[in-house]
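Enquirer: First the structure, then my questions, so here it is.
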Amino acid sequence: MSNSPATQASQVKPGYSLVNDATGEKLELPLVGGSMGPAGIDVGKVYDRFGIFTYDPGFTSTCSCKSAITYIDGDAGVLLYRGYPVDQLAEQSTFIEVAYLILNGELPTKAQLEAFEASIRRHTMINESLKSFFNGFHYDAHPMAMLTAVVGSLSAFYHDTTNNKDPRHREIFAHRMIAKVPTIAAAAYKKYFGQPFMYPQNHLDYCSNLLYMMFAVPAEPYHVHPVAAKALDVLFILHADHEQNASTSTVRLAGSTGCNPYAAIAAGIAALWGPAHGGANEAVLKMLSEIGDVKNVPAFLAKVKDKKSGVRLMGFGHRVYKNFDPRARIIREQCHKVLKHLGVDNDPQLELALKLEEIALKDEYFIERKLYPNVDFYSGIIYKALGIPVNMFTPMFAIARTVGWVAHWIEMSADPAGLKIGRPRQVYTGAPRRDYKPLTAR
């Protein structure tokens with residue numbers, strides 16, 4: 001394959017070419033450029049012309065779409081939502097404002113933000129008949145199982161507004177989804193603990209309302225701690241979108257079939273459930289439980305350095321960010337603030353987490369390999385400090401990521417020219433063609 005010198009994505013690129021060594025046939029592969037970052041090689045005609053597929057397990061070098069929502073530069077530690085650095089948004093904005101930005105492409109005016117918030121508040125309740133749905137789950141069902149099922153069922157209630165081609169229907173769906181997922185997740189939490197469901201309180205902000213629905217009970221008043229609500233708001237901003245990750249790609253793949261949008265989001269929730277994706281912060285707490293005590297940290301880190309041990313340091317490093325996770329610094333500040341203000345800094349497991357962080361940040365082994373604490377490490381600590389059980393960590397992630405999923409589904413559905421059903425190919429490694437043998441001949 002011949003190529004041209006690397007250039008910025010905004011510049012004109014002559015492209016690449018693929019040559020068949022046997023026949024000398026040449027195929028031009030044009031570059032698909034964007035506004036920032038690497039360009040993509042258009043390989044759409046490779047199979048038609050040469051009869052071969054491109055091979056990329058995990059799609060780590062493959063662009064599945066064009067998107068204007070999120071930009072990541074893993075080497076430089078950059079994460080932008082619609083062009084805005086995530087650290088600026090986390091420090092100066094709110095989750096609801098960021099949700100508007102991700103959905104609409106621009107920061108809202110005061111009037112637009114008020115209208116958006118009012119619309120979200122109007123959609124926070126779920127149909128009363130869903131209580132029966134929750135009652136059908138076993139008492140110890142995982143909250144993610146309930147969240148996946150209930151979200152998927154929503155199309156049965158809103159089938160009159162699921163026309164993917166109608167912009168107004170897409171907007172209604174987006175607002176409903178963002179508003180109802182916290183209510184559904186809180187109901188799953190209540191079901192798991194055998195407590196009565198709490199209705200949303202629409203005078204509360206988004207994250208305060210979620211904490212109320214989770215922790216309030218009818219028997220006594222409950223007041224949301226502002227530090228807890230703020231920490232959750234920042235966490236949700238940092239988790240709102242992350243480009244074409246596994247769950248977002250799943251939403252797009254499911255949505256490419258033209259299925260109703262609730263089914264597409266339910267598919268994304270199911271993908272998020274995996275321990276290598278949304279379950280990573282659960283893995284951090286499980287690791288801390290296995291370490292057990294602060295005095296065991298040095299021995300544990302020694303095992304991590306020993307490749308033969310098979311022991312992994314969870315919550316450090318990132319597949320995309322090769323230098324540092326830009327979200328980690330922001331959430332680290334919130335983490336320490338929560339521990340201080342909520343008075344839970346004497347919790348043995350949280351003390352263990354902070355000791356692990358302290359040692360790892362000074363250890364040359366981890367520094368050389370750029371294995372710094374990532375957002376999953378700190379989010380797990382914050383959730384525990386807020387009294388959120390481990391099995392609710394991934395549902396909390398799903399609440400935040402719903403904004404990104406919905407935005408990507410809308411972006412895909414609003415572009416009929418670029419919408420094509422996903423159909424990855426494969427390199428077949430099974431038995432070659434063979435003829436059937438009767439049972440008596442085998």
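Just remember, in the structure tokens the first chain shown is A, the second B, etc., residues are 1-based per chain, and ligands are 1-based in the order shown.
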Return as CSV the residues of region 337-401 of chain A lying at most 7 Å from region 310-320 of chain A, together with the closest atom-to-atom pair for each and the distance in Å to one decimal, counting only C-alpha atoms, with rows in chain order and ascending residue number.
Expert:
```
residue,atom,partner,partner_atom,distance
A:Lys370,CA,A:Gly317,CA,6.8
A:Leu371,CA,A:Gly317,CA,4.4
A:Tyr372,CA,A:Phe316,CA,5.1
A:Pro373,CA,A:Phe316,CA,4.3
A:Asn374,CA,A:Phe316,CA,5.3
A:Asp376,CA,A:Gly315,CA,5.4
A:Phe377,CA,A:Gly315,CA,4.3
```
Enquirer: Contacts of Phe134 (chain A) at 9 Å or less, counting only C-alpha atoms, minus same-chain residues fewer than 2 places along, as a PyMOL selection string?
Expert: chain A and resi 130-132+136-138+146+150+187-188+191
Enquirer: Any idea what's packed within 7 Å of Val86 (chain A), counting only C-alpha atoms, ignoring anything in its chain fewer than 6 positions away? Could you give it as an MDAnalysis selection string?
Expert: chainID A and resid 79:80 238
Enquirer: Each residue of region 324-410 of chain A lying at most 9 Å from region 247-271 of chain A should get a row with its shortest atom-to-atom pair and the distance in Å to one decimal, counting only C-alpha atoms; could you produce that, ordered by chain and increasing number, as a Markdown table?
Expert:
```
| residue | atom | partner | partner_atom | distance |
| --- | --- | --- | --- | --- |
| A:Pro395 | CA | A:Ile269 | CA | 8.4 |
| A:Ala398 | CA | A:Ile269 | CA | 6.5 |
| A:Arg401 | CA | A:Thr248 | CA | 8.7 |
| A:Thr402 | CA | A:Ile265 | CA | 7.6 |
| A:Gly404 | CA | A:Thr248 | CA | 7.5 |
| A:Trp405 | CA | A:Thr248 | CA | 5.6 |
| A:Val406 | CA | A:Ile265 | CA | 7.5 |
| A:His408 | CA | A:Arg252 | CA | 7.0 |
| A:Trp409 | CA | A:Arg252 | CA | 6.0 |
```
Enquirer: Quick check, in Å to one decimal: how far apart do CA of Gly194 (chain A) and CA of Asn135 (chain A) lie?
Expert: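 Computed distance, CA of Gly194 (chain A) to CA of Asn135 (chain A), equals 10.2 Å.
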Enquirer: Taking 2 positions as the minimum chain separation for residues in the same chain, which residues sit within 9 Å of region 173-185 of chain A when counting only C-alpha atoms? Answer as a PyMOL selection string.
Expert: chain A and resi 99+103+116+119-126+143-144+146-147+150-151+158+161-162+168-171+187-190+198-200+206-207+209-210+213-214+261-262+265+392+395-396+398-400+402-403+406-407+410
Enquirer: Write out as a PyMOL selection string which residues come within 9 Å of Val43 (chain A) when counting only C-alpha atoms, dropping same-chain ones fewer than 5 positions away.
Expert: chain A and resi 29-30+53-54
Enquirer: Generate the output file for the selected residues, C-alpha atoms, as an mmCIF file, in the first residue's frame.
Expert:
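Listing of result-v9.cif after writing:
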```
data_model
loop_
_atom_site.group_PDB
_atom_site.id
_atom_site.type_symbol
_atom_site.label_atom_id
_atom_site.label_comp_id
_atom_site.auth_asym_id
_atom_site.auth_seq_id
_atom_site.Cartn_x
_atom_site.Cartn_y
_atom_site.Cartn_z
ATOM 1 C CA LEU A 29 -8.491 4.619 -1.211
ATOM 2 C CA PRO A 30 -9.647 8.183 -0.529
ATOM 3 C CA PHE A 53 -12.002 -8.042 3.614
ATOM 4 C CA THR A 54 -10.181 -5.674 5.938
#
```
Enquirer: Suppose you want the space between CA of Ala90 (chain A) and CA of Ser413 (chain A); what is it in Å?
Expert: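 Between CA of Ala90 (chain A) and CA of Ser413 (chain A) the gap works out to 28.6 Å.
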Enquirer: So which bits of region 90-142 of chain A end up alpha helix (DSSP H) when you DSSP the backbone, as an NGL selection string?
Expert: :A and (90-92 or 95-104 or 110-122 or 130-135)
Enquirer: Quick one: residues within 12 Å of Pro226 (chain A), only C-alpha atoms, excluding same-chain residues fewer than 4 positions away - as an NGL selection string?
Expert: :A and (204-205 or 207-209 or 211-212 or 230-233 or 337-338 or 341-342 or 386)
Enquirer: So how many Å separate CA of Ile381 (chain A) and CA of Phe215 (chain A), to one decimal?
Expert: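 Computing it gives 18.2 Å between the two atoms.
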Enquirer: Quick check for you: according to DSSP on this backbone, which residues of region 217-401 of chain A are classed as strand (DSSP E or B)? Reply as JSON, numbers by chain.
Expert: {"A": [217, 220, 316, 373]}
Enquirer: Give me a file of those residues, with C-alpha atoms, as a PDB file, in the first residue's frame.
Expert:
```pdb
ATOM      1  CA  VAL A 217     -38.388   6.544  52.651  1.00  0.00           C
ATOM      2  CA  GLU A 220     -39.223  10.118  57.650  1.00  0.00           C
ATOM      3  CA  PHE A 316      -5.407   2.454  36.691  1.00  0.00           C
ATOM      4  CA  PRO A 373      -5.703   6.325  38.472  1.00  0.00           C
TER       5      PRO A 373
END
```
Enquirer: Go through A:Ala328, A:Ala229, A:Asp42, A:His242 and flag the residue nearest Ser17 (chain A), using only C-alpha atoms for the distances.
Expert: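 Smallest separation from Ser17 (chain A) among the options: A:Asp42.
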